[in-house]
>>> print(open('input-v5.cif').read())   # mmCIF, N, CA and C atoms
data_data
#
loop_
_atom_site.label_atom_id
_atom_site.label_comp_id
_atom_site.auth_asym_id
_atom_site.auth_seq_id
_atom_site.Cartn_x
_atom_site.Cartn_y
_atom_site.Cartn_z
N MET P 192 20.27 32.04 9.77
CA MET P 192 19.34 31.01 10.19
C MET P 192 18.02 31.66 10.56
N GLY P 193 16.94 31.08 10.07
CA GLY P 193 15.63 31.62 10.36
C GLY P 193 15.07 31.05 11.65
N THR P 194 13.98 31.62 12.07
CA THR P 194 13.31 31.11 13.26
C THR P 194 12.38 29.97 12.86
N PRO P 195 12.17 29.05 13.77
CA PRO P 195 11.26 27.93 13.45
C PRO P 195 9.85 28.44 13.15
N LYS P 196 9.20 27.77 12.22
CA LYS P 196 7.84 28.12 11.83
C LYS P 196 6.97 26.89 11.88
N VAL P 197 5.72 27.12 12.12
CA VAL P 197 4.74 26.04 12.09
C VAL P 197 4.03 26.10 10.74
N LEU P 198 4.04 24.99 10.04
CA LEU P 198 3.35 24.89 8.76
C LEU P 198 2.28 23.82 8.87
N THR P 199 1.18 24.06 8.25
CA THR P 199 0.12 23.06 8.19
C THR P 199 0.09 22.48 6.78
N VAL P 200 0.20 21.16 6.71
CA VAL P 200 0.17 20.47 5.43
C VAL P 200 -1.03 19.54 5.45
N ASP P 201 -1.92 19.69 4.48
CA ASP P 201 -3.11 18.82 4.48
C ASP P 201 -2.84 17.56 3.67
N SER P 202 -3.74 16.62 3.78
CA SER P 202 -3.53 15.31 3.14
C SER P 202 -3.46 15.41 1.62
N ASP P 203 -4.16 16.38 1.02
CA ASP P 203 -4.08 16.55 -0.43
C ASP P 203 -2.67 16.95 -0.86
N GLU P 204 -2.04 17.82 -0.09
CA GLU P 204 -0.67 18.24 -0.41
C GLU P 204 0.31 17.08 -0.26
N VAL P 205 0.12 16.27 0.76
CA VAL P 205 0.99 15.10 0.95
C VAL P 205 0.79 14.13 -0.19
N ARG P 206 -0.47 13.86 -0.53
CA ARG P 206 -0.78 12.93 -1.62
C ARG P 206 -0.13 13.40 -2.92
N GLU P 207 -0.22 14.69 -3.20
CA GLU P 207 0.37 15.23 -4.42
C GLU P 207 1.90 15.08 -4.40
N SER P 208 2.49 15.31 -3.25
CA SER P 208 3.95 15.26 -3.17
C SER P 208 4.50 13.83 -3.30
N ILE P 209 3.70 12.83 -2.97
CA ILE P 209 4.18 11.44 -3.08
C ILE P 209 3.49 10.68 -4.21
N SER P 210 2.81 11.39 -5.10
CA SER P 210 2.06 10.71 -6.16
C SER P 210 2.95 9.86 -7.06
N GLU P 211 4.15 10.33 -7.37
CA GLU P 211 5.05 9.53 -8.21
C GLU P 211 5.44 8.23 -7.53
N GLU P 212 5.69 8.30 -6.23
CA GLU P 212 6.05 7.09 -5.48
C GLU P 212 4.87 6.13 -5.40
N LEU P 213 3.67 6.66 -5.22
CA LEU P 213 2.47 5.81 -5.18
C LEU P 213 2.27 5.12 -6.53
N ASN P 214 2.47 5.86 -7.61
CA ASN P 214 2.36 5.26 -8.94
C ASN P 214 3.41 4.17 -9.14
N ALA P 215 4.61 4.38 -8.60
CA ALA P 215 5.66 3.36 -8.70
C ALA P 215 5.27 2.10 -7.92
N ILE P 216 4.65 2.28 -6.75
CA ILE P 216 4.19 1.13 -5.96
C ILE P 216 3.14 0.35 -6.73
N VAL P 217 2.15 1.06 -7.28
CA VAL P 217 1.09 0.40 -8.05
C VAL P 217 1.68 -0.34 -9.25
N SER P 218 2.61 0.30 -9.93
CA SER P 218 3.26 -0.33 -11.09
C SER P 218 4.03 -1.59 -10.69
N ALA P 219 4.73 -1.53 -9.57
CA ALA P 219 5.49 -2.70 -9.10
C ALA P 219 4.56 -3.85 -8.73
N VAL P 220 3.45 -3.53 -8.10
CA VAL P 220 2.48 -4.58 -7.73
C VAL P 220 1.90 -5.20 -9.00
N ARG P 221 1.54 -4.38 -9.97
CA ARG P 221 1.01 -4.91 -11.24
C ARG P 221 2.03 -5.82 -11.92
N THR P 222 3.28 -5.39 -11.96
CA THR P 222 4.33 -6.19 -12.60
C THR P 222 4.48 -7.53 -11.88
N ALA P 223 4.49 -7.50 -10.56
CA ALA P 223 4.61 -8.74 -9.78
C ALA P 223 3.43 -9.67 -10.06
N LEU P 224 2.23 -9.11 -10.13
CA LEU P 224 1.04 -9.93 -10.40
C LEU P 224 1.10 -10.55 -11.80
N GLU P 225 1.59 -9.79 -12.77
CA GLU P 225 1.68 -10.29 -14.14
C GLU P 225 2.70 -11.41 -14.28
N GLN P 226 3.74 -11.40 -13.44
CA GLN P 226 4.82 -12.36 -13.57
C GLN P 226 4.69 -13.59 -12.67
N MET P 227 3.71 -13.61 -11.79
CA MET P 227 3.62 -14.74 -10.87
C MET P 227 2.90 -15.93 -11.51
N PRO P 228 3.20 -17.12 -11.01
CA PRO P 228 2.56 -18.33 -11.54
C PRO P 228 1.05 -18.33 -11.26
N PRO P 229 0.28 -18.99 -12.12
CA PRO P 229 -1.17 -19.00 -11.98
C PRO P 229 -1.66 -19.51 -10.63
N GLU P 230 -0.98 -20.52 -10.06
CA GLU P 230 -1.47 -21.06 -8.77
C GLU P 230 -1.33 -20.02 -7.66
N LEU P 231 -0.32 -19.19 -7.72
CA LEU P 231 -0.17 -18.13 -6.73
C LEU P 231 -1.22 -17.04 -6.96
N SER P 232 -1.50 -16.73 -8.20
CA SER P 232 -2.54 -15.76 -8.53
C SER P 232 -3.89 -16.21 -7.97
N ALA P 233 -4.16 -17.50 -8.09
CA ALA P 233 -5.42 -18.04 -7.57
C ALA P 233 -5.51 -17.86 -6.06
N ASP P 234 -4.39 -18.06 -5.36
CA ASP P 234 -4.37 -17.84 -3.92
C ASP P 234 -4.64 -16.39 -3.58
N LEU P 235 -4.08 -15.47 -4.34
CA LEU P 235 -4.29 -14.05 -4.07
C LEU P 235 -5.74 -13.65 -4.27
N ILE P 236 -6.40 -14.25 -5.24
CA ILE P 236 -7.81 -13.96 -5.45
C ILE P 236 -8.62 -14.39 -4.23
N ASP P 237 -8.25 -15.54 -3.65
CA ASP P 237 -8.97 -16.06 -2.48
C ASP P 237 -8.60 -15.34 -1.19
N VAL P 238 -7.30 -15.11 -0.98
CA VAL P 238 -6.80 -14.62 0.30
C VAL P 238 -6.53 -13.12 0.29
N GLY P 239 -6.02 -12.60 -0.81
CA GLY P 239 -5.71 -11.19 -0.91
C GLY P 239 -4.25 -10.89 -0.62
N ILE P 240 -3.95 -9.63 -0.57
CA ILE P 240 -2.59 -9.13 -0.32
C ILE P 240 -2.56 -8.49 1.06
N MET P 241 -1.54 -8.80 1.84
CA MET P 241 -1.35 -8.20 3.16
C MET P 241 -0.29 -7.11 3.05
N LEU P 242 -0.64 -5.91 3.45
CA LEU P 242 0.33 -4.81 3.47
C LEU P 242 1.02 -4.77 4.82
N ALA P 243 2.34 -4.66 4.79
CA ALA P 243 3.12 -4.56 6.02
C ALA P 243 4.21 -3.52 5.81
N GLY P 244 4.81 -3.07 6.89
CA GLY P 244 5.86 -2.07 6.81
C GLY P 244 5.28 -0.66 6.88
N GLY P 245 6.16 0.31 6.85
CA GLY P 245 5.75 1.70 6.98
C GLY P 245 4.81 2.16 5.88
N GLY P 246 5.00 1.65 4.67
CA GLY P 246 4.13 2.04 3.57
C GLY P 246 2.68 1.67 3.81
N ALA P 247 2.45 0.61 4.57
CA ALA P 247 1.08 0.19 4.87
C ALA P 247 0.33 1.24 5.68
N LEU P 248 1.08 2.14 6.31
CA LEU P 248 0.47 3.18 7.13
C LEU P 248 0.02 4.39 6.31
N LEU P 249 0.34 4.40 5.01
CA LEU P 249 -0.12 5.50 4.17
C LEU P 249 -1.63 5.43 4.04
N LYS P 250 -2.29 6.52 4.37
CA LYS P 250 -3.75 6.56 4.35
C LYS P 250 -4.29 6.21 2.96
N ASN P 251 -5.18 5.26 2.93
CA ASN P 251 -5.90 4.82 1.73
C ASN P 251 -5.04 4.09 0.70
N LEU P 252 -3.82 3.70 1.05
CA LEU P 252 -3.03 2.90 0.11
C LEU P 252 -3.74 1.59 -0.18
N ASP P 253 -4.37 1.02 0.83
CA ASP P 253 -5.11 -0.22 0.61
C ASP P 253 -6.25 -0.02 -0.39
N LEU P 254 -6.94 1.12 -0.30
CA LEU P 254 -8.04 1.39 -1.23
C LEU P 254 -7.53 1.59 -2.65
N LEU P 255 -6.40 2.28 -2.78
CA LEU P 255 -5.80 2.49 -4.09
C LEU P 255 -5.42 1.15 -4.72
N LEU P 256 -4.73 0.31 -3.96
CA LEU P 256 -4.31 -0.99 -4.50
C LEU P 256 -5.51 -1.88 -4.81
N ARG P 257 -6.54 -1.83 -3.98
CA ARG P 257 -7.76 -2.61 -4.24
C ARG P 257 -8.40 -2.15 -5.55
N ALA P 258 -8.47 -0.85 -5.77
CA ALA P 258 -9.06 -0.32 -7.00
C ALA P 258 -8.23 -0.69 -8.22
N GLU P 259 -6.92 -0.68 -8.08
CA GLU P 259 -6.03 -0.95 -9.21
C GLU P 259 -5.88 -2.43 -9.53
N THR P 260 -5.96 -3.29 -8.52
CA THR P 260 -5.72 -4.72 -8.74
C THR P 260 -6.99 -5.56 -8.73
N LYS P 261 -8.06 -5.01 -8.18
CA LYS P 261 -9.33 -5.76 -8.01
C LYS P 261 -9.15 -6.97 -7.09
N LEU P 262 -8.17 -6.89 -6.19
CA LEU P 262 -7.91 -7.96 -5.23
C LEU P 262 -8.20 -7.46 -3.82
N PRO P 263 -8.53 -8.37 -2.90
CA PRO P 263 -8.68 -7.96 -1.50
C PRO P 263 -7.33 -7.51 -0.95
N ILE P 264 -7.32 -6.38 -0.27
CA ILE P 264 -6.09 -5.84 0.33
C ILE P 264 -6.35 -5.67 1.82
N LYS P 265 -5.43 -6.20 2.63
CA LYS P 265 -5.56 -6.08 4.08
C LYS P 265 -4.31 -5.39 4.61
N ILE P 266 -4.46 -4.71 5.74
CA ILE P 266 -3.33 -4.09 6.41
C ILE P 266 -3.04 -4.91 7.67
N ALA P 267 -1.78 -5.25 7.87
CA ALA P 267 -1.39 -6.00 9.06
C ALA P 267 -1.83 -5.23 10.31
N ALA P 268 -2.16 -5.97 11.35
CA ALA P 268 -2.61 -5.35 12.60
C ALA P 268 -1.57 -4.37 13.14
N ASP P 269 -0.31 -4.74 13.06
CA ASP P 269 0.80 -3.87 13.46
C ASP P 269 1.81 -3.91 12.32
N PRO P 270 1.62 -3.07 11.30
CA PRO P 270 2.44 -3.18 10.09
C PRO P 270 3.94 -3.11 10.33
N LEU P 271 4.39 -2.29 11.25
CA LEU P 271 5.82 -2.16 11.48
C LEU P 271 6.39 -3.42 12.14
N LEU P 272 5.68 -3.98 13.08
CA LEU P 272 6.13 -5.19 13.75
C LEU P 272 5.99 -6.41 12.84
N ALA P 273 4.97 -6.42 12.00
CA ALA P 273 4.73 -7.57 11.12
C ALA P 273 5.90 -7.82 10.18
N VAL P 274 6.64 -6.79 9.83
CA VAL P 274 7.81 -6.96 8.97
C VAL P 274 8.84 -7.85 9.64
N ALA P 275 9.00 -7.71 10.96
CA ALA P 275 10.01 -8.46 11.68
C ALA P 275 9.53 -9.83 12.12
N VAL P 276 8.29 -9.94 12.58
CA VAL P 276 7.82 -11.19 13.18
C VAL P 276 6.77 -11.92 12.34
N GLY P 277 6.31 -11.31 11.28
CA GLY P 277 5.29 -11.95 10.47
C GLY P 277 3.89 -11.54 10.91
N GLN P 278 2.91 -11.93 10.15
CA GLN P 278 1.53 -11.57 10.43
C GLN P 278 0.67 -12.81 10.39
N VAL P 279 -0.13 -13.00 11.37
CA VAL P 279 -1.09 -14.09 11.38
C VAL P 279 -2.34 -13.60 10.65
N TRP P 280 -2.78 -14.37 9.66
CA TRP P 280 -3.99 -14.01 8.91
C TRP P 280 -5.20 -14.27 9.80
N LEU P 281 -6.03 -13.29 9.89
CA LEU P 281 -7.26 -13.42 10.70
C LEU P 281 -8.47 -13.50 9.81
#
>>> encode(input="input-v5.cif", output="structure tokens")
Amino acid sequence: MGTPKVLTVDSDEVRESISEELNAIVSAVRTALEQMPPELSADLIDVGIMLAGGGALLKNLDLLLRAETKLPIKIAADPLLAVAVGQVWL
């Protein structure tokens, strides 16, 4: 057994390590958008997408999704709690 070590990981290294998962998220969002009914698509153009849950805490995920979907993307005020109790749109 080795001794504990302190490692510094910068955001670029984290981004690289989760890039496949981020691409999967973007792909899933695109697929969902392509398959939804037109009236729901119209609502998304007006209101946008609300991110909730732990994934919403990923730095700049909202910017990535905004760039990929051209839709407004918002992060819930308390993303972890919003999963359980819902989010009021402000």
>>> select_by_dssp(input="input-v5.cif", residues="chain P", states="strand (DSSP E)", output="list in words")
Ile240, Met241, Leu242, Ile264, Lys265 and Ile266 of chain P
>>> closest_residue(input="input-v5.cif", among="P:Thr199, P:Gly239, P:Thr260, P:Gly244", to="Val220 of chain P", atoms="only N, CA and C atoms")
P:Thr260
>>> residues_around(input="input-v5.cif", residues="Leu213 of chain P", least_positions_apart="5", cutoff="10 Å", atoms="only C-alpha atoms", output="list in words")
Arg206, Glu207, Ser208, Ser218, Ala219, Gly246, Leu249, Leu252, Leu255 and Leu256 of chain P
>>> closest_residue(input="input-v5.cif", among="P:Thr194, P:Val200, P:Ser210, P:Lys265", to="Leu242 of chain P", atoms="only C-alpha atoms")
P:Lys265
>>> atom_distance(input="input-v5.cif", atom1="atom CA of Ala243 of chain P", atom2="atom CA of Leu272 of chain P")
8.3 Å
>>> atom_distance(input="input-v5.cif", atom1="atom N of Ala273 of chain P", atom2="atom N of Val238 of chain P")
19.9 Å
>>> select_by_dssp(input="input-v5.cif", residues="chain P", states="helix (DSSP H, G or I)", output="PyMOL selection string")
chain P and resi 202-208+210-226+229-238+245-248+252-260+270-276
>>> closest_residue(input="input-v5.cif", among="P:Asp253, P:Asp269, P:Asp201, P:Glu212", to="Ile240 of chain P", atoms="only C-alpha atoms")
P:Asp253
>>> atom_distance(input="input-v5.cif", atom1="atom CA of Asp203 of chain P", atom2="atom CA of Thr222 of chain P")
27.1 Å
>>> residues_around(input="input-v5.cif", residues="Met241 of chain P", least_positions_apart="6", cutoff="10 Å", atoms="only C-alpha atoms", output="PyMOL selection string")
chain P and resi 235+247+253+263-268+270+278+280
>>> decode(input="input-v5.cif", residues="segment 230-271 of chain P", atoms="N, CA and C atoms", output="PDB file, in the first residue's frame")
ATOM      1  N   GLU P 230     -45.541  21.160 -30.926  1.00  0.00           N
ATOM      2  CA  GLU P 230     -46.037  22.121 -29.917  1.00  0.00           C
ATOM      3  C   GLU P 230     -45.099  22.180 -28.711  1.00  0.00           C
ATOM      4  N   LEU P 231     -44.478  21.075 -28.368  1.00  0.00           N
ATOM      5  CA  LEU P 231     -43.518  21.082 -27.272  1.00  0.00           C
ATOM      6  C   LEU P 231     -42.233  21.792 -27.697  1.00  0.00           C
ATOM      7  N   SER P 232     -41.820  21.590 -28.927  1.00  0.00           N
ATOM      8  CA  SER P 232     -40.644  22.289 -29.454  1.00  0.00           C
ATOM      9  C   SER P 232     -40.841  23.800 -29.394  1.00  0.00           C
ATOM     10  N   ALA P 233     -42.053  24.239 -29.738  1.00  0.00           N
ATOM     11  CA  ALA P 233     -42.351  25.672 -29.694  1.00  0.00           C
ATOM     12  C   ALA P 233     -42.224  26.215 -28.276  1.00  0.00           C
ATOM     13  N   ASP P 234     -42.676  25.434 -27.289  1.00  0.00           N
ATOM     14  CA  ASP P 234     -42.536  25.850 -25.892  1.00  0.00           C
ATOM     15  C   ASP P 234     -41.071  25.962 -25.501  1.00  0.00           C
ATOM     16  N   LEU P 235     -40.253  25.029 -25.951  1.00  0.00           N
ATOM     17  CA  LEU P 235     -38.829  25.075 -25.614  1.00  0.00           C
ATOM     18  C   LEU P 235     -38.144  26.290 -26.206  1.00  0.00           C
ATOM     19  N   ILE P 236     -38.559  26.690 -27.388  1.00  0.00           N
ATOM     20  CA  ILE P 236     -37.980  27.885 -27.997  1.00  0.00           C
ATOM     21  C   ILE P 236     -38.296  29.107 -27.145  1.00  0.00           C
ATOM     22  N   ASP P 237     -39.528  29.149 -26.606  1.00  0.00           N
ATOM     23  CA  ASP P 237     -39.945  30.290 -25.781  1.00  0.00           C
ATOM     24  C   ASP P 237     -39.370  30.238 -24.366  1.00  0.00           C
ATOM     25  N   VAL P 238     -39.414  29.064 -23.740  1.00  0.00           N
ATOM     26  CA  VAL P 238     -39.087  28.930 -22.323  1.00  0.00           C
ATOM     27  C   VAL P 238     -37.675  28.412 -22.088  1.00  0.00           C
ATOM     28  N   GLY P 239     -37.219  27.499 -22.915  1.00  0.00           N
ATOM     29  CA  GLY P 239     -35.896  26.927 -22.764  1.00  0.00           C
ATOM     30  C   GLY P 239     -35.901  25.617 -22.005  1.00  0.00           C
ATOM     31  N   ILE P 240     -34.722  25.136 -21.727  1.00  0.00           N
ATOM     32  CA  ILE P 240     -34.514  23.871 -21.017  1.00  0.00           C
ATOM     33  C   ILE P 240     -33.954  24.180 -19.640  1.00  0.00           C
ATOM     34  N   MET P 241     -34.497  23.534 -18.616  1.00  0.00           N
ATOM     35  CA  MET P 241     -34.007  23.685 -17.244  1.00  0.00           C
ATOM     36  C   MET P 241     -33.145  22.474 -16.904  1.00  0.00           C
ATOM     37  N   LEU P 242     -31.919  22.724 -16.505  1.00  0.00           N
ATOM     38  CA  LEU P 242     -31.031  21.646 -16.073  1.00  0.00           C
ATOM     39  C   LEU P 242     -31.192  21.436 -14.573  1.00  0.00           C
ATOM     40  N   ALA P 243     -31.334  20.177 -14.185  1.00  0.00           N
ATOM     41  CA  ALA P 243     -31.451  19.834 -12.765  1.00  0.00           C
ATOM     42  C   ALA P 243     -30.640  18.572 -12.519  1.00  0.00           C
ATOM     43  N   GLY P 244     -30.365  18.289 -11.261  1.00  0.00           N
ATOM     44  CA  GLY P 244     -29.587  17.114 -10.908  1.00  0.00           C
ATOM     45  C   GLY P 244     -28.100  17.435 -10.870  1.00  0.00           C
ATOM     46  N   GLY P 245     -27.317  16.438 -10.522  1.00  0.00           N
ATOM     47  CA  GLY P 245     -25.885  16.628 -10.376  1.00  0.00           C
ATOM     48  C   GLY P 245     -25.195  17.065 -11.655  1.00  0.00           C
ATOM     49  N   GLY P 246     -25.676  16.579 -12.794  1.00  0.00           N
ATOM     50  CA  GLY P 246     -25.074  16.968 -14.066  1.00  0.00           C
ATOM     51  C   GLY P 246     -25.165  18.458 -14.332  1.00  0.00           C
ATOM     52  N   ALA P 247     -26.190  19.096 -13.797  1.00  0.00           N
ATOM     53  CA  ALA P 247     -26.348  20.544 -13.984  1.00  0.00           C
ATOM     54  C   ALA P 247     -25.206  21.321 -13.342  1.00  0.00           C
ATOM     55  N   LEU P 248     -24.502  20.674 -12.415  1.00  0.00           N
ATOM     56  CA  LEU P 248     -23.398  21.332 -11.720  1.00  0.00           C
ATOM     57  C   LEU P 248     -22.091  21.272 -12.504  1.00  0.00           C
ATOM     58  N   LEU P 249     -22.084  20.554 -13.630  1.00  0.00           N
ATOM     59  CA  LEU P 249     -20.880  20.517 -14.449  1.00  0.00           C
ATOM     60  C   LEU P 249     -20.641  21.889 -15.056  1.00  0.00           C
ATOM     61  N   LYS P 250     -19.457  22.419 -14.831  1.00  0.00           N
ATOM     62  CA  LYS P 250     -19.131  23.771 -15.296  1.00  0.00           C
ATOM     63  C   LYS P 250     -19.302  23.874 -16.814  1.00  0.00           C
ATOM     64  N   ASN P 251     -20.056  24.865 -17.221  1.00  0.00           N
ATOM     65  CA  ASN P 251     -20.295  25.220 -18.625  1.00  0.00           C
ATOM     66  C   ASN P 251     -21.128  24.204 -19.411  1.00  0.00           C
ATOM     67  N   LEU P 252     -21.767  23.248 -18.736  1.00  0.00           N
ATOM     68  CA  LEU P 252     -22.664  22.346 -19.466  1.00  0.00           C
ATOM     69  C   LEU P 252     -23.791  23.138 -20.107  1.00  0.00           C
ATOM     70  N   ASP P 253     -24.278  24.149 -19.406  1.00  0.00           N
ATOM     71  CA  ASP P 253     -25.338  24.985 -19.977  1.00  0.00           C
ATOM     72  C   ASP P 253     -24.867  25.682 -21.250  1.00  0.00           C
ATOM     73  N   LEU P 254     -23.623  26.159 -21.264  1.00  0.00           N
ATOM     74  CA  LEU P 254     -23.099  26.830 -22.455  1.00  0.00           C
ATOM     75  C   LEU P 254     -22.936  25.854 -23.616  1.00  0.00           C
ATOM     76  N   LEU P 255     -22.479  24.645 -23.312  1.00  0.00           N
ATOM     77  CA  LEU P 255     -22.333  23.625 -24.345  1.00  0.00           C
ATOM     78  C   LEU P 255     -23.689  23.294 -24.958  1.00  0.00           C
ATOM     79  N   LEU P 256     -24.684  23.051 -24.117  1.00  0.00           N
ATOM     80  CA  LEU P 256     -26.016  22.711 -24.634  1.00  0.00           C
ATOM     81  C   LEU P 256     -26.637  23.875 -25.394  1.00  0.00           C
ATOM     82  N   ARG P 257     -26.416  25.095 -24.924  1.00  0.00           N
ATOM     83  CA  ARG P 257     -26.931  26.275 -25.634  1.00  0.00           C
ATOM     84  C   ARG P 257     -26.300  26.366 -27.026  1.00  0.00           C
ATOM     85  N   ALA P 258     -24.997  26.132 -27.107  1.00  0.00           N
ATOM     86  CA  ALA P 258     -24.312  26.196 -28.399  1.00  0.00           C
ATOM     87  C   ALA P 258     -24.785  25.084 -29.333  1.00  0.00           C
ATOM     88  N   GLU P 259     -25.036  23.913 -28.794  1.00  0.00           N
ATOM     89  CA  GLU P 259     -25.419  22.765 -29.617  1.00  0.00           C
ATOM     90  C   GLU P 259     -26.885  22.775 -30.028  1.00  0.00           C
ATOM     91  N   THR P 260     -27.758  23.330 -29.192  1.00  0.00           N
ATOM     92  CA  THR P 260     -29.197  23.282 -29.472  1.00  0.00           C
ATOM     93  C   THR P 260     -29.769  24.607 -29.950  1.00  0.00           C
ATOM     94  N   LYS P 261     -29.050  25.684 -29.700  1.00  0.00           N
ATOM     95  CA  LYS P 261     -29.537  27.047 -30.017  1.00  0.00           C
ATOM     96  C   LYS P 261     -30.796  27.393 -29.217  1.00  0.00           C
ATOM     97  N   LEU P 262     -30.959  26.759 -28.060  1.00  0.00           N
ATOM     98  CA  LEU P 262     -32.096  27.012 -27.179  1.00  0.00           C
ATOM     99  C   LEU P 262     -31.611  27.661 -25.886  1.00  0.00           C
ATOM    100  N   PRO P 263     -32.487  28.421 -25.218  1.00  0.00           N
ATOM    101  CA  PRO P 263     -32.116  28.946 -23.903  1.00  0.00           C
ATOM    102  C   PRO P 263     -31.961  27.789 -22.913  1.00  0.00           C
ATOM    103  N   ILE P 264     -30.895  27.806 -22.149  1.00  0.00           N
ATOM    104  CA  ILE P 264     -30.635  26.768 -21.145  1.00  0.00           C
ATOM    105  C   ILE P 264     -30.479  27.461 -19.800  1.00  0.00           C
ATOM    106  N   LYS P 265     -31.218  26.966 -18.805  1.00  0.00           N
ATOM    107  CA  LYS P 265     -31.138  27.541 -17.459  1.00  0.00           C
ATOM    108  C   LYS P 265     -30.738  26.432 -16.497  1.00  0.00           C
ATOM    109  N   ILE P 266     -30.096  26.818 -15.410  1.00  0.00           N
ATOM    110  CA  ILE P 266     -29.740  25.878 -14.355  1.00  0.00           C
ATOM    111  C   ILE P 266     -30.649  26.161 -13.166  1.00  0.00           C
ATOM    112  N   ALA P 267     -31.247  25.114 -12.622  1.00  0.00           N
ATOM    113  CA  ALA P 267     -32.113  25.269 -11.453  1.00  0.00           C
ATOM    114  C   ALA P 267     -31.331  25.947 -10.327  1.00  0.00           C
ATOM    115  N   ALA P 268     -32.034  26.726  -9.525  1.00  0.00           N
ATOM    116  CA  ALA P 268     -31.390  27.443  -8.424  1.00  0.00           C
ATOM    117  C   ALA P 268     -30.665  26.484  -7.484  1.00  0.00           C
ATOM    118  N   ASP P 269     -31.267  25.345  -7.203  1.00  0.00           N
ATOM    119  CA  ASP P 269     -30.653  24.300  -6.391  1.00  0.00           C
ATOM    120  C   ASP P 269     -30.841  22.991  -7.153  1.00  0.00           C
ATOM    121  N   PRO P 270     -29.931  22.690  -8.087  1.00  0.00           N
ATOM    122  CA  PRO P 270     -30.144  21.559  -8.990  1.00  0.00           C
ATOM    123  C   PRO P 270     -30.383  20.224  -8.289  1.00  0.00           C
ATOM    124  N   LEU P 271     -29.711  19.970  -7.195  1.00  0.00           N
ATOM    125  CA  LEU P 271     -29.885  18.690  -6.511  1.00  0.00           C
ATOM    126  C   LEU P 271     -31.254  18.592  -5.848  1.00  0.00           C
TER     127      LEU P 271
END
